[in-house]
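Engineer: File entry_22.cif below, mmCIF, C-alpha atoms:
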data_coords
loop_
_atom_site.label_atom_id
_atom_site.label_comp_id
_atom_site.auth_asym_id
_atom_site.auth_seq_id
_atom_site.Cartn_x
_atom_site.Cartn_y
_atom_site.Cartn_z
CA MET R 6 -88.67 -105.28 -55.28
CA ILE R 7 -89.46 -101.64 -56.07
CA GLN R 8 -93.06 -100.55 -55.50
CA SER R 9 -94.41 -97.66 -57.55
CA TYR R 10 -96.45 -94.55 -56.65
CA ASP R 11 -97.39 -91.23 -58.20
CA VAL R 12 -96.03 -89.28 -55.21
CA ILE R 13 -93.91 -90.34 -52.23
CA ILE R 14 -93.96 -88.13 -49.14
CA VAL R 15 -90.94 -88.35 -46.84
CA GLY R 16 -91.96 -87.26 -43.34
CA ALA R 17 -95.59 -87.76 -42.33
CA GLY R 18 -95.92 -85.15 -39.59
CA SER R 19 -98.26 -82.18 -39.82
CA MET R 20 -97.11 -80.90 -43.23
CA GLY R 21 -96.58 -84.30 -44.81
CA MET R 22 -99.85 -85.79 -43.57
CA SER R 23 -101.75 -82.75 -44.81
CA ALA R 24 -100.13 -83.11 -48.24
CA GLY R 25 -100.97 -86.80 -48.26
CA TYR R 26 -104.61 -86.03 -47.55
CA HIS R 27 -104.85 -83.41 -50.31
CA LEU R 28 -103.24 -85.74 -52.86
CA ALA R 29 -105.18 -88.87 -51.92
CA ARG R 30 -108.43 -86.91 -51.99
CA ARG R 31 -107.67 -86.17 -55.66
CA GLY R 32 -107.08 -89.83 -56.42
CA VAL R 33 -103.28 -89.53 -56.59
CA ARG R 34 -101.52 -92.80 -55.67
CA THR R 35 -99.64 -91.63 -52.60
CA LEU R 36 -97.18 -93.24 -50.19
CA LEU R 37 -96.31 -91.54 -46.89
CA ILE R 38 -93.11 -92.68 -45.17
CA ASP R 39 -92.20 -91.85 -41.57
CA ALA R 40 -89.43 -92.97 -39.23
CA PHE R 41 -92.04 -93.24 -36.44
CA ASP R 42 -95.82 -93.65 -36.27
CA PRO R 43 -97.60 -90.28 -36.47
CA PRO R 44 -98.91 -88.60 -34.46
CA HIS R 45 -95.84 -89.14 -32.27
CA ARG R 46 -93.50 -87.33 -29.88
CA GLU R 47 -90.36 -87.23 -32.05
CA GLY R 48 -91.17 -84.18 -34.16
CA SER R 49 -92.78 -80.79 -33.66
CA HIS R 50 -96.50 -81.55 -33.45
CA HIS R 51 -96.97 -83.16 -30.01
CA GLY R 52 -97.87 -81.49 -26.73
CA GLU R 53 -101.19 -79.96 -27.66
CA PRO R 54 -102.34 -77.31 -28.46
CA ARG R 55 -100.93 -74.85 -31.06
CA LEU R 56 -101.91 -71.23 -31.63
CA ILE R 57 -103.67 -70.11 -34.78
CA ARG R 58 -103.75 -66.40 -35.52
CA HIS R 59 -104.01 -64.37 -38.69
CA ALA R 60 -102.42 -60.90 -38.43
CA TYR R 61 -98.78 -61.42 -39.40
CA GLY R 62 -96.05 -58.88 -40.00
CA GLY R 63 -93.45 -59.14 -42.73
CA HIS R 64 -94.55 -60.33 -46.16
CA PRO R 65 -98.34 -60.12 -46.77
CA VAL R 66 -98.44 -63.75 -47.95
CA TYR R 67 -98.26 -64.95 -44.33
CA THR R 68 -101.54 -63.25 -43.45
CA GLU R 69 -103.14 -64.49 -46.67
CA LEU R 70 -102.06 -68.05 -45.92
CA ALA R 71 -103.16 -67.85 -42.27
CA VAL R 72 -106.67 -66.81 -43.29
CA HIS R 73 -106.89 -69.62 -45.86
CA ALA R 74 -105.42 -72.13 -43.39
CA HIS R 75 -108.25 -71.32 -40.97
CA ARG R 76 -110.82 -72.10 -43.68
CA LEU R 77 -109.12 -75.41 -44.42
CA TRP R 78 -109.10 -76.36 -40.73
CA ASN R 79 -112.84 -75.73 -40.64
CA GLU R 80 -113.27 -77.97 -43.70
CA LEU R 81 -111.20 -80.69 -42.03
CA GLU R 82 -113.36 -80.47 -38.92
CA ASP R 83 -116.46 -81.06 -41.05
CA GLN R 84 -114.93 -84.07 -42.79
CA ALA R 85 -113.42 -85.58 -39.65
CA GLU R 86 -116.57 -84.81 -37.61
CA THR R 87 -114.50 -83.64 -34.64
CA GLN R 88 -113.55 -80.27 -33.16
CA LEU R 89 -109.99 -79.30 -34.01
CA LEU R 90 -110.01 -75.50 -33.69
CA VAL R 91 -111.09 -73.52 -30.61
CA GLN R 92 -111.60 -69.78 -31.10
CA SER R 93 -110.39 -68.61 -27.69
CA GLY R 94 -108.93 -65.40 -29.09
CA VAL R 95 -105.19 -64.66 -29.04
CA LEU R 96 -103.68 -61.77 -27.08
CA ASN R 97 -100.26 -60.57 -28.24
CA MET R 98 -98.38 -58.49 -25.65
CA ALA R 99 -95.06 -56.71 -26.05
CA ASP R 100 -92.67 -54.21 -24.57
CA PRO R 101 -92.82 -51.48 -27.27
CA LYS R 102 -89.07 -50.95 -26.96
CA LEU R 103 -88.69 -54.41 -28.48
CA HIS R 104 -91.71 -54.76 -30.76
CA ASN R 105 -94.75 -52.85 -31.95
CA PHE R 106 -97.91 -54.02 -33.70
CA HIS R 107 -98.19 -51.33 -36.41
CA GLY R 108 -97.34 -53.62 -39.32
CA ARG R 109 -99.57 -56.43 -38.17
CA LEU R 110 -102.53 -54.13 -37.55
CA ALA R 111 -102.10 -52.73 -41.06
CA GLU R 112 -102.04 -56.24 -42.58
CA ALA R 113 -105.11 -57.18 -40.56
CA ALA R 114 -107.02 -54.20 -41.98
CA LYS R 115 -106.04 -55.13 -45.54
CA HIS R 116 -107.34 -58.69 -45.15
CA ASP R 117 -110.50 -58.01 -43.10
CA VAL R 118 -108.98 -59.64 -40.02
CA THR R 119 -110.33 -58.25 -36.75
CA ALA R 120 -107.42 -57.09 -34.59
CA VAL R 121 -107.77 -54.59 -31.75
CA LYS R 122 -104.95 -52.59 -30.21
CA LEU R 123 -105.10 -52.39 -26.39
CA ASN R 124 -103.09 -50.59 -23.75
CA ALA R 125 -101.88 -52.25 -20.57
CA ASP R 126 -104.75 -50.97 -18.45
CA GLU R 127 -107.32 -52.35 -20.88
CA VAL R 128 -105.53 -55.70 -20.88
CA ARG R 129 -105.48 -55.93 -17.09
CA ARG R 130 -109.17 -54.99 -16.88
CA ARG R 131 -110.26 -57.61 -19.40
CA TRP R 132 -107.95 -60.36 -18.10
CA PRO R 133 -107.27 -59.84 -14.37
CA GLY R 134 -104.77 -62.68 -14.33
CA LEU R 135 -102.30 -60.58 -16.33
CA ALA R 136 -99.85 -58.22 -14.62
CA ILE R 137 -98.18 -56.53 -17.58
CA PRO R 138 -96.40 -53.18 -16.94
CA ASP R 139 -98.06 -49.87 -17.83
CA HIS R 140 -95.84 -49.24 -20.85
CA PHE R 141 -96.67 -52.56 -22.56
CA GLU R 142 -98.89 -52.65 -25.65
CA ALA R 143 -101.14 -55.42 -26.92
CA MET R 144 -103.10 -56.62 -29.94
CA PHE R 145 -106.10 -58.92 -29.55
CA GLU R 146 -107.50 -61.15 -32.31
CA PRO R 147 -110.92 -62.40 -31.18
CA ALA R 148 -111.32 -64.85 -34.09
CA ALA R 149 -107.95 -66.51 -33.43
CA GLY R 150 -107.41 -69.39 -31.02
CA TYR R 151 -105.74 -72.76 -30.84
CA LEU R 152 -105.61 -76.09 -32.65
CA ARG R 153 -105.60 -79.56 -31.09
CA SER R 154 -102.38 -80.47 -32.88
CA GLU R 155 -102.25 -84.23 -32.42
CA ALA R 156 -105.94 -84.57 -33.24
CA CYS R 157 -105.31 -82.54 -36.43
CA VAL R 158 -102.54 -84.89 -37.57
CA ASP R 159 -104.67 -87.90 -36.70
CA ALA R 160 -107.64 -86.50 -38.66
CA TYR R 161 -105.49 -85.99 -41.75
CA LYS R 162 -104.10 -89.49 -41.31
CA ARG R 163 -107.50 -91.17 -41.04
CA LEU R 164 -108.88 -89.32 -44.05
CA ALA R 165 -105.77 -89.79 -46.21
CA LEU R 166 -105.89 -93.53 -45.61
CA ALA R 167 -109.64 -93.58 -46.27
CA TYR R 168 -108.98 -91.89 -49.64
CA GLY R 169 -106.45 -94.59 -50.54
CA ALA R 170 -103.08 -93.24 -49.40
CA GLU R 171 -100.62 -95.75 -47.94
CA LEU R 172 -98.55 -95.12 -44.82
CA LEU R 173 -95.25 -96.82 -44.09
CA THR R 174 -94.29 -96.32 -40.44
CA HIS R 175 -91.10 -97.03 -38.48
CA SER R 176 -89.18 -96.77 -41.74
CA ALA R 177 -86.30 -94.33 -41.61
CA VAL R 178 -85.20 -93.16 -45.04
CA THR R 179 -81.63 -94.25 -45.76
CA GLY R 180 -81.21 -92.59 -49.13
CA ILE R 181 -82.90 -90.91 -52.08
CA THR R 182 -81.92 -91.10 -55.72
CA ALA R 183 -83.58 -89.26 -58.59
CA ARG R 184 -83.52 -88.55 -62.26
CA ARG R 185 -85.85 -86.64 -64.55
CA GLY R 186 -89.43 -87.70 -63.86
CA SER R 187 -88.68 -90.29 -61.19
CA VAL R 188 -87.40 -90.76 -57.65
CA VAL R 189 -86.43 -93.80 -55.59
CA VAL R 190 -86.68 -93.64 -51.81
CA HIS R 191 -84.55 -96.19 -49.95
CA THR R 192 -85.67 -97.35 -46.51
CA ARG R 193 -84.84 -100.16 -44.13
CA ASN R 194 -88.02 -101.83 -45.36
CA GLY R 195 -87.29 -101.68 -49.07
CA LYS R 196 -87.11 -99.31 -52.02
CA PHE R 197 -90.06 -97.34 -53.34
CA HIS R 198 -90.41 -95.69 -56.72
CA GLY R 199 -92.33 -92.50 -57.37
CA ALA R 200 -92.94 -90.21 -60.29
CA ALA R 201 -92.50 -87.32 -57.85
CA ALA R 202 -91.85 -86.66 -54.17
CA ILE R 203 -92.48 -84.21 -51.33
CA LEU R 204 -89.85 -83.91 -48.59
CA THR R 205 -91.25 -82.69 -45.25
CA ALA R 206 -88.72 -84.12 -42.82
CA GLY R 207 -88.87 -81.32 -40.22
CA ALA R 208 -86.06 -81.41 -37.67
CA TRP R 209 -84.78 -84.56 -39.40
CA PHE R 210 -83.89 -82.87 -42.71
CA GLY R 211 -80.20 -83.36 -41.91
CA THR R 212 -80.63 -87.10 -42.45
CA LEU R 213 -81.53 -86.49 -46.12
CA ALA R 214 -78.17 -84.90 -46.98
CA PRO R 215 -76.45 -84.87 -49.38
CA PHE R 216 -79.50 -85.43 -51.61
CA ILE R 217 -80.96 -82.21 -50.23
CA SER R 218 -79.25 -79.74 -47.92
CA ILE R 219 -81.32 -76.89 -46.56
CA PRO R 220 -80.11 -74.39 -43.95
CA VAL R 221 -82.26 -75.72 -41.12
CA ARG R 222 -80.99 -76.38 -37.61
CA ALA R 223 -82.96 -78.36 -35.05
CA VAL R 224 -83.33 -76.83 -31.59
CA ARG R 225 -84.66 -78.46 -28.43
CA LYS R 226 -87.53 -76.44 -26.92
CA THR R 227 -89.49 -76.97 -23.73
CA VAL R 228 -93.03 -76.23 -22.57
CA GLY R 229 -94.68 -76.61 -19.18
CA TRP R 230 -98.19 -76.84 -17.77
CA PHE R 231 -98.58 -75.01 -14.44
CA GLU R 232 -101.31 -75.16 -11.83
CA THR R 233 -103.45 -72.01 -11.72
CA ALA R 234 -105.20 -70.25 -8.84
CA GLY R 235 -108.82 -69.27 -9.41
CA PRO R 236 -110.80 -69.04 -12.64
CA ASP R 237 -108.93 -66.20 -14.38
CA TYR R 238 -106.76 -68.52 -16.48
CA LYS R 239 -109.39 -71.11 -17.40
CA VAL R 240 -110.45 -71.84 -20.96
CA GLY R 241 -113.42 -69.68 -21.87
CA ARG R 242 -112.07 -66.77 -19.82
CA PHE R 243 -108.40 -66.58 -20.81
CA PRO R 244 -107.05 -66.37 -24.38
CA GLY R 245 -104.07 -67.89 -26.08
CA PHE R 246 -101.17 -65.47 -25.83
CA THR R 247 -97.75 -64.34 -26.99
CA LEU R 248 -95.48 -62.25 -24.77
CA HIS R 249 -92.39 -60.38 -25.98
CA THR R 250 -90.22 -59.12 -23.09
CA GLU R 251 -86.66 -58.29 -22.19
CA GLU R 252 -86.53 -61.67 -20.43
CA GLY R 253 -87.41 -63.48 -23.65
CA GLY R 254 -90.27 -64.39 -25.95
CA PHE R 255 -93.05 -66.63 -24.65
CA TYR R 256 -96.35 -68.06 -25.83
CA GLY R 257 -99.08 -70.08 -24.21
CA PHE R 258 -102.63 -71.25 -23.71
CA PRO R 259 -105.38 -71.18 -21.09
CA ASP R 260 -105.88 -73.90 -18.52
CA ILE R 261 -107.89 -76.49 -20.46
CA GLY R 262 -109.81 -78.97 -18.34
CA GLY R 263 -107.52 -78.59 -15.34
CA ALA R 264 -104.39 -79.51 -17.30
CA GLY R 265 -102.77 -76.23 -16.25
CA LEU R 266 -101.76 -73.10 -18.12
CA LYS R 267 -99.31 -74.07 -20.86
CA ILE R 268 -96.33 -71.80 -21.54
CA GLY R 269 -93.29 -72.17 -23.78
CA ARG R 270 -90.31 -70.04 -24.68
CA HIS R 271 -89.80 -69.23 -28.36
CA ASP R 272 -86.22 -67.97 -28.23
CA ALA R 273 -83.19 -69.67 -26.63
CA GLY R 274 -83.08 -73.50 -26.60
CA ARG R 275 -80.29 -76.00 -27.23
CA GLU R 276 -79.22 -77.18 -30.66
CA TRP R 277 -79.84 -80.85 -31.43
CA LYS R 278 -78.79 -83.11 -34.29
CA PRO R 279 -80.44 -86.35 -35.44
CA GLY R 280 -78.71 -89.28 -33.80
CA GLU R 281 -77.92 -87.40 -30.61
CA PRO R 282 -79.84 -88.17 -27.39
CA PHE R 283 -82.92 -86.01 -27.05
CA LEU R 284 -83.13 -85.18 -23.36
CA PRO R 285 -86.54 -84.93 -21.64
CA PHE R 286 -87.99 -81.89 -19.89
CA GLY R 287 -86.15 -81.14 -16.65
CA SER R 288 -82.73 -82.19 -17.91
CA PHE R 289 -81.53 -78.57 -17.68
CA PRO R 290 -82.35 -75.96 -14.99
CA GLU R 291 -83.69 -73.46 -17.53
CA ASP R 292 -86.36 -75.90 -18.68
CA GLU R 293 -88.59 -74.89 -15.79
CA VAL R 294 -86.81 -71.83 -14.39
CA ASP R 295 -87.32 -69.62 -17.47
CA LEU R 296 -91.00 -70.48 -17.76
CA ARG R 297 -91.71 -70.05 -14.07
CA ALA R 298 -89.91 -66.69 -14.01
CA ALA R 299 -92.10 -65.35 -16.84
CA LEU R 300 -95.25 -66.56 -15.08
CA GLY R 301 -94.18 -65.09 -11.76
CA THR R 302 -93.69 -61.68 -13.35
CA TYR R 303 -96.58 -61.46 -15.82
CA MET R 304 -99.14 -64.11 -14.71
CA PRO R 305 -98.49 -64.65 -11.00
CA GLY R 306 -101.67 -66.64 -10.41
CA ALA R 307 -100.52 -69.23 -12.93
CA SER R 308 -97.10 -69.93 -11.39
CA GLY R 309 -98.24 -72.82 -9.24
CA ARG R 310 -97.10 -76.43 -9.18
CA LEU R 311 -95.57 -77.80 -12.39
CA ILE R 312 -98.11 -80.38 -13.55
CA GLN R 313 -96.12 -81.66 -16.51
CA GLY R 314 -93.38 -80.63 -18.92
CA ALA R 315 -92.44 -81.65 -22.45
CA ALA R 316 -89.61 -81.15 -24.90
CA CYS R 317 -90.05 -80.84 -28.65
CA LYS R 318 -88.06 -79.68 -31.66
CA TYR R 319 -88.02 -76.48 -33.68
CA GLU R 320 -86.57 -76.56 -37.19
CA LEU R 321 -85.16 -73.06 -37.56
CA SER R 322 -84.27 -71.46 -40.88
CA PRO R 323 -81.73 -68.60 -40.79
CA ASP R 324 -84.46 -65.93 -41.10
CA GLU R 325 -87.21 -67.96 -39.35
CA GLY R 326 -89.18 -67.86 -42.61
CA PHE R 327 -90.57 -70.95 -44.32
CA ILE R 328 -88.94 -72.91 -47.13
CA ILE R 329 -91.45 -74.14 -49.73
CA ASP R 330 -89.75 -74.74 -53.06
CA ARG R 331 -88.65 -77.28 -55.62
CA HIS R 332 -85.41 -79.22 -55.31
CA PRO R 333 -82.68 -77.13 -57.00
CA HIS R 334 -81.88 -79.97 -59.44
CA TYR R 335 -85.12 -81.98 -59.59
CA PRO R 336 -88.26 -79.91 -60.23
CA HIS R 337 -90.52 -82.93 -59.59
CA ILE R 338 -89.39 -82.99 -55.95
CA VAL R 339 -90.90 -80.43 -53.56
CA VAL R 340 -89.14 -79.39 -50.36
CA ALA R 341 -91.00 -77.88 -47.38
CA GLY R 342 -89.19 -77.10 -44.12
CA GLY R 343 -87.81 -74.44 -41.82
CA PHE R 344 -91.16 -73.76 -40.16
CA SER R 345 -89.31 -72.28 -37.19
CA GLY R 346 -91.79 -72.86 -34.40
CA HIS R 347 -94.71 -70.99 -35.98
CA GLY R 348 -95.67 -73.35 -38.78
CA PHE R 349 -98.29 -75.71 -37.38
CA LYS R 350 -101.21 -73.34 -37.95
CA PHE R 351 -100.21 -73.26 -41.63
CA SER R 352 -99.93 -77.02 -42.13
CA SER R 353 -103.40 -77.25 -43.64
CA VAL R 354 -102.52 -74.82 -46.42
CA VAL R 355 -98.86 -75.90 -46.75
CA GLY R 356 -100.03 -79.44 -47.49
CA GLU R 357 -102.39 -78.09 -50.12
CA LEU R 358 -99.62 -75.95 -51.68
CA CYS R 359 -97.19 -78.88 -51.76
CA SER R 360 -99.82 -81.06 -53.45
CA LYS R 361 -100.30 -78.43 -56.15
CA LEU R 362 -96.58 -77.93 -56.70
CA VAL R 363 -95.85 -81.63 -56.99
CA MET R 364 -98.69 -81.99 -59.52
CA ASP R 365 -97.08 -79.15 -61.50
CA GLU R 366 -99.93 -76.73 -60.88
CA GLU R 367 -99.56 -73.00 -60.38
CA PRO R 368 -100.02 -72.14 -56.68
CA PRO R 369 -102.57 -69.40 -55.94
CA TYR R 370 -100.13 -67.49 -53.70
CA ASP R 371 -96.78 -65.80 -54.15
CA LEU R 372 -94.25 -68.35 -52.89
CA GLY R 373 -91.27 -66.14 -53.65
CA PRO R 374 -90.65 -65.34 -49.95
CA PHE R 375 -90.25 -69.09 -49.32
CA ALA R 376 -87.66 -69.72 -52.04
CA LEU R 377 -84.64 -71.79 -51.05
CA SER R 378 -82.45 -69.56 -53.22
CA ARG R 379 -82.81 -66.65 -50.78
CA PHE R 380 -80.14 -68.28 -48.63
CA SER R 381 -77.52 -68.32 -51.38
CA GLY R 382 -76.39 -64.88 -50.15
CA GLN R 383 -76.72 -63.14 -46.84
CA ALA R 384 -79.81 -64.27 -44.93
CA ALA R 385 -82.23 -61.58 -43.80
CA PRO R 386 -82.38 -60.72 -40.09
CA ALA R 387 -84.63 -62.99 -38.04
CA PRO R 388 -88.10 -61.54 -37.40
CA SER R 389 -89.10 -60.73 -33.86
CA PHE R 390 -90.78 -63.32 -31.66
CA ALA R 391 -94.09 -61.52 -31.83
CA GLN R 392 -94.21 -62.41 -35.53
CA GLY R 393 -93.70 -66.10 -34.84
CA GLY R 394 -93.28 -68.66 -32.16
CA GLU R 395 -95.90 -71.18 -31.09
#
Output the file's structure in the form of structure tokens.

Structural biologist:
Amino acid sequence: MIQSYDVIIVGAGSMGMSAGYHLARRGVRTLLIDAFDPPHREGSHHGEPRLIRHAYGGHPVYTELAVHAHRLWNELEDQAETQLLVQSGVLNMADPKLHNFHGRLAEAAKHDVTAVKLNADEVRRRWPGLAIPDHFEAMFEPAAGYLRSEACVDAYKRLALAYGAELLTHSAVTGITARRGSVVVHTRNGKFHGAAAILTAGAWFGTLAPFISIPVRAVRKTVGWFETAGPDYKVGRFPGFTLHTEEGGFYGFPDIGGAGLKIGRHDAGREWKPGEPFLPFGSFPEDEVDLRAALGTYMPGASGRLIQGAACKYELSPDEGFIIDRHPHYPHIVVAGGFSGHGFKFSSVVGELCSKLVMDEEPPYDLGPFALSRFSGQAAPAPSFAQGGE
């Protein structure tokens, strides 16, 4: 028996659950389908928290979306009656031979985002736990911070269901068929009919081929929480951070409630494909070694005992830019993917954009930079870590 909906969302992680909330809030009959039970540990949203910052380089639409995403997170907090966003500030540090902050500071000024350029001495004075070299440069965003990622997904889930959305869990999609004005999603638990669909499958997009093939590769990434010495790294005194060095690109968060300072590496990682074993943290020497080496050099007081580690998945596009577009053959099907390790902060606004696109409304932002067609030729060079990663 085929059950019918206005919109079916395939993949109910951060982007999909946000879209489901925005649609259900408007009274759209919405079905969310997920292979697991979100929030879960099989995608890209677990292992709290996630950075939120506003001053992006590259196309101006990223800064515009980041500012709007922050407003939407605040609205979600009010509706869910729980704190989701902590404005700890975010400190971006870089070796200027590898990256500078000129473009991002210019974008910040255009969009009334407060961003302050600092030299290494100023950084070390304000945050004594940092040991960056004299030639490093930094940019501090005091209004930025971090999101409690799993709580965010759960808030969207609770509210979407309260508005009438339906959620089908533990139901891997086995196929999709479509024609003009309709789509059928096949799962192990039956077939479901929709007038339209949104595909937000994250690192699992490969399982939707050949119905949709987007140039996204899944990469295993690791993060660790390390014991800190003294108060310099504690929440309230230490910001979220990004760090771009010759040893690699890193990002992290203060020690929250004694959980340890969290650090992850944005570059490197091992490619993974759906169906292959996904190995836990510690399966490879670099899982801990790379993180501990960065801490030992730049945050020596935070390189204590490993408290816990986790592995998650990036879904990398060739240029590390987002894909938000319509299916090349079915305009009633919206595709959103390739968020490349810096997408979570945007999930509030990406869900809103997908809901508008699938309802055939004109989005309020230029989505040209996110077009799938940009990969039909030579992909643009990947942006530097300091523009993404977290």

Engineer: Which polymer residues, whether protein, DNA or RNA, lie within 7 Å of the coordinate (-102.4, -85.6, -30.7) when you count all atoms listed in the file? List them as a tab-separated table (two decimals) with C-alpha atoms, in the coordinates of the input, using the chain letters and numbers from the file.

Structural biologist:
chain	number	residue	atom	x	y	z
R	44	PRO	CA	-98.91	-88.60	-34.46
R	51	HIS	CA	-96.97	-83.16	-30.01
R	53	GLU	CA	-101.19	-79.96	-27.66
R	153	ARG	CA	-105.60	-79.56	-31.09
R	154	SER	CA	-102.38	-80.47	-32.88
R	155	GLU	CA	-102.25	-84.23	-32.42
R	156	ALA	CA	-105.94	-84.57	-33.24
R	158	VAL	CA	-102.54	-84.89	-37.57
R	159	ASP	CA	-104.67	-87.90	-36.70

Engineer: Separation of atom CA of R:Met364 and atom CA of R:Ser352, in Å?

Structural biologist: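 Computing it gives 18.1 Å between the two atoms.
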
Engineer: Under the PyMOL selection byres ((chain R and resi 315) around 8), which residues of this model are included? Write them out as an MDAnalysis selection string.

Structural biologist: chainID R and resid 52 227:229 285:286 313:314 316:317

Engineer: Within 9 Å of (-109.6, -72.0, -30.1), all atoms listed in the file: residues as a short mmCIF file (atom, residue, chain, number, x, y, z; two decimals) with C-alpha atoms, in the coordinates of the input?

Structural biologist:
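Once everything was written out, this is out-v5.cif:
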data_model
loop_
_atom_site.label_atom_id
_atom_site.label_comp_id
_atom_site.auth_asym_id
_atom_site.auth_seq_id
_atom_site.Cartn_x
_atom_site.Cartn_y
_atom_site.Cartn_z
CA LEU R 56 -101.91 -71.23 -31.63
CA ILE R 57 -103.67 -70.11 -34.78
CA LEU R 89 -109.99 -79.30 -34.01
CA LEU R 90 -110.01 -75.50 -33.69
CA VAL R 91 -111.09 -73.52 -30.61
CA GLN R 92 -111.60 -69.78 -31.10
CA SER R 93 -110.39 -68.61 -27.69
CA GLY R 94 -108.93 -65.40 -29.09
CA VAL R 95 -105.19 -64.66 -29.04
CA ALA R 148 -111.32 -64.85 -34.09
CA ALA R 149 -107.95 -66.51 -33.43
CA GLY R 150 -107.41 -69.39 -31.02
CA TYR R 151 -105.74 -72.76 -30.84
CA LEU R 152 -105.61 -76.09 -32.65
CA ARG R 153 -105.60 -79.56 -31.09
CA PRO R 244 -107.05 -66.37 -24.38
CA GLY R 245 -104.07 -67.89 -26.08
#

Engineer: Given the file shown, enumerate the residues that the PyMOL selection byres ((chain R and resi 296-308) around 8) captures and present them as JSON, numbers by chain.

Structural biologist: {"R": [134, 135, 136, 137, 228, 229, 231, 232, 233, 234, 235, 238, 252, 255, 266, 268, 269, 270, 291, 292, 293, 294, 295, 309, 310]}

Engineer: Name every residue that the PyMOL selection byres ((chain R and resi 102) around 10) selects in this structure, writing the answer as a list in words with chains first and numbers rising.

Structural biologist: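 Output from the PyMOL selection byres ((chain R and resi 102) around 10), applied to this file: Ala99, Asp100, Pro101, Leu103, His104, Asn105, His140, Phe141, Thr250 and Glu251 of chain R.
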
Engineer: What is the distance, in Å and to one decimal place, between atom CA of R:Lys318 and atom CA of R:Ala208?

Structural biologist: 6.6 Å

Engineer: Could you check the closest approach to R:Arg331 for each of R:Ala202, R:Ala223, R:Arg379, R:Val240 and tell me which residue wins, using all atoms listed in the file?

Structural biologist: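 That would be R:Ala202, the residue with the smallest distance to R:Arg331.
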
Engineer: Hey, which of R:Leu36, R:Ala29, R:Val221, R:Val66 ends up closest to R:Ser360? Count only C-alpha atoms.

Structural biologist: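 Looking at the shortest contact to R:Ser360, the residue is R:Ala29.
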
Engineer: From the options R:Ala85, R:Val340, R:Val355, R:Ile329, which residue's atoms come nearest to R:Ala376, counting all atoms listed in the file?

Structural biologist: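 Smallest separation from R:Ala376 among the options: R:Ile329.
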
Engineer: Find, counting only C-alpha atoms, the residue in R:Thr192, R:Asn97, R:Ser23, R:Thr212 that gets nearest to R:Leu166.

Structural biologist: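 When distances to R:Leu166 are compared using only C-alpha atoms, the smallest one comes from R:Ser23.
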
Engineer: Have a look at atom CA of R:Asn124 and atom CA of R:Thr68 and let me know their distance in Å, one decimal.

Structural biologist: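 Computing it gives 23.5 Å between the two atoms.
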
Engineer: Can you work out which one of R:Thr205, R:Ser381, R:Ser218, R:Gln88 has the shortest atom-to-atom distance to R:Val15, counting all atoms listed in the file?

Structural biologist: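 Between R:Thr205, R:Ser381, R:Ser218, R:Gln88, the residue approaching R:Val15 most closely is R:Thr205.
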
Engineer: Point out the residue among R:Gly265, R:Gly108, R:Glu146, R:Leu173 with the least atom-to-atom distance to R:Val121, counting all atoms listed in the file.

Structural biologist: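 For R:Val121, the nearest of the given residues is R:Glu146.
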
Engineer: Find the residues near R:Val190: any atom within 6 Å, counting all atoms listed in the file, skip ones fewer than 5 places away on the same chain, and give them as number ranges by chain.

Structural biologist: R: 181, 196-197

Engineer: Considering only C-alpha atoms, return as a ChimeraX atom specification whatever protein or nucleic-acid residues lie within 12 Å of R:His59, sequence-local ones (same chain, fewer than 2 positions apart) excluded.

Structural biologist: /R:56-57,61-62,65-76,94-97,109-110,112-120,144-151,347,350-351,392-393

Engineer: Pick out the residues sitting within 8 Å of R:Trp132, and hand them over as JSON, numbers by chain; count all atoms listed in the file, and ignore anything fewer than 5 positions along from it in its own chain.

Structural biologist: {"R": [237, 242, 243]}
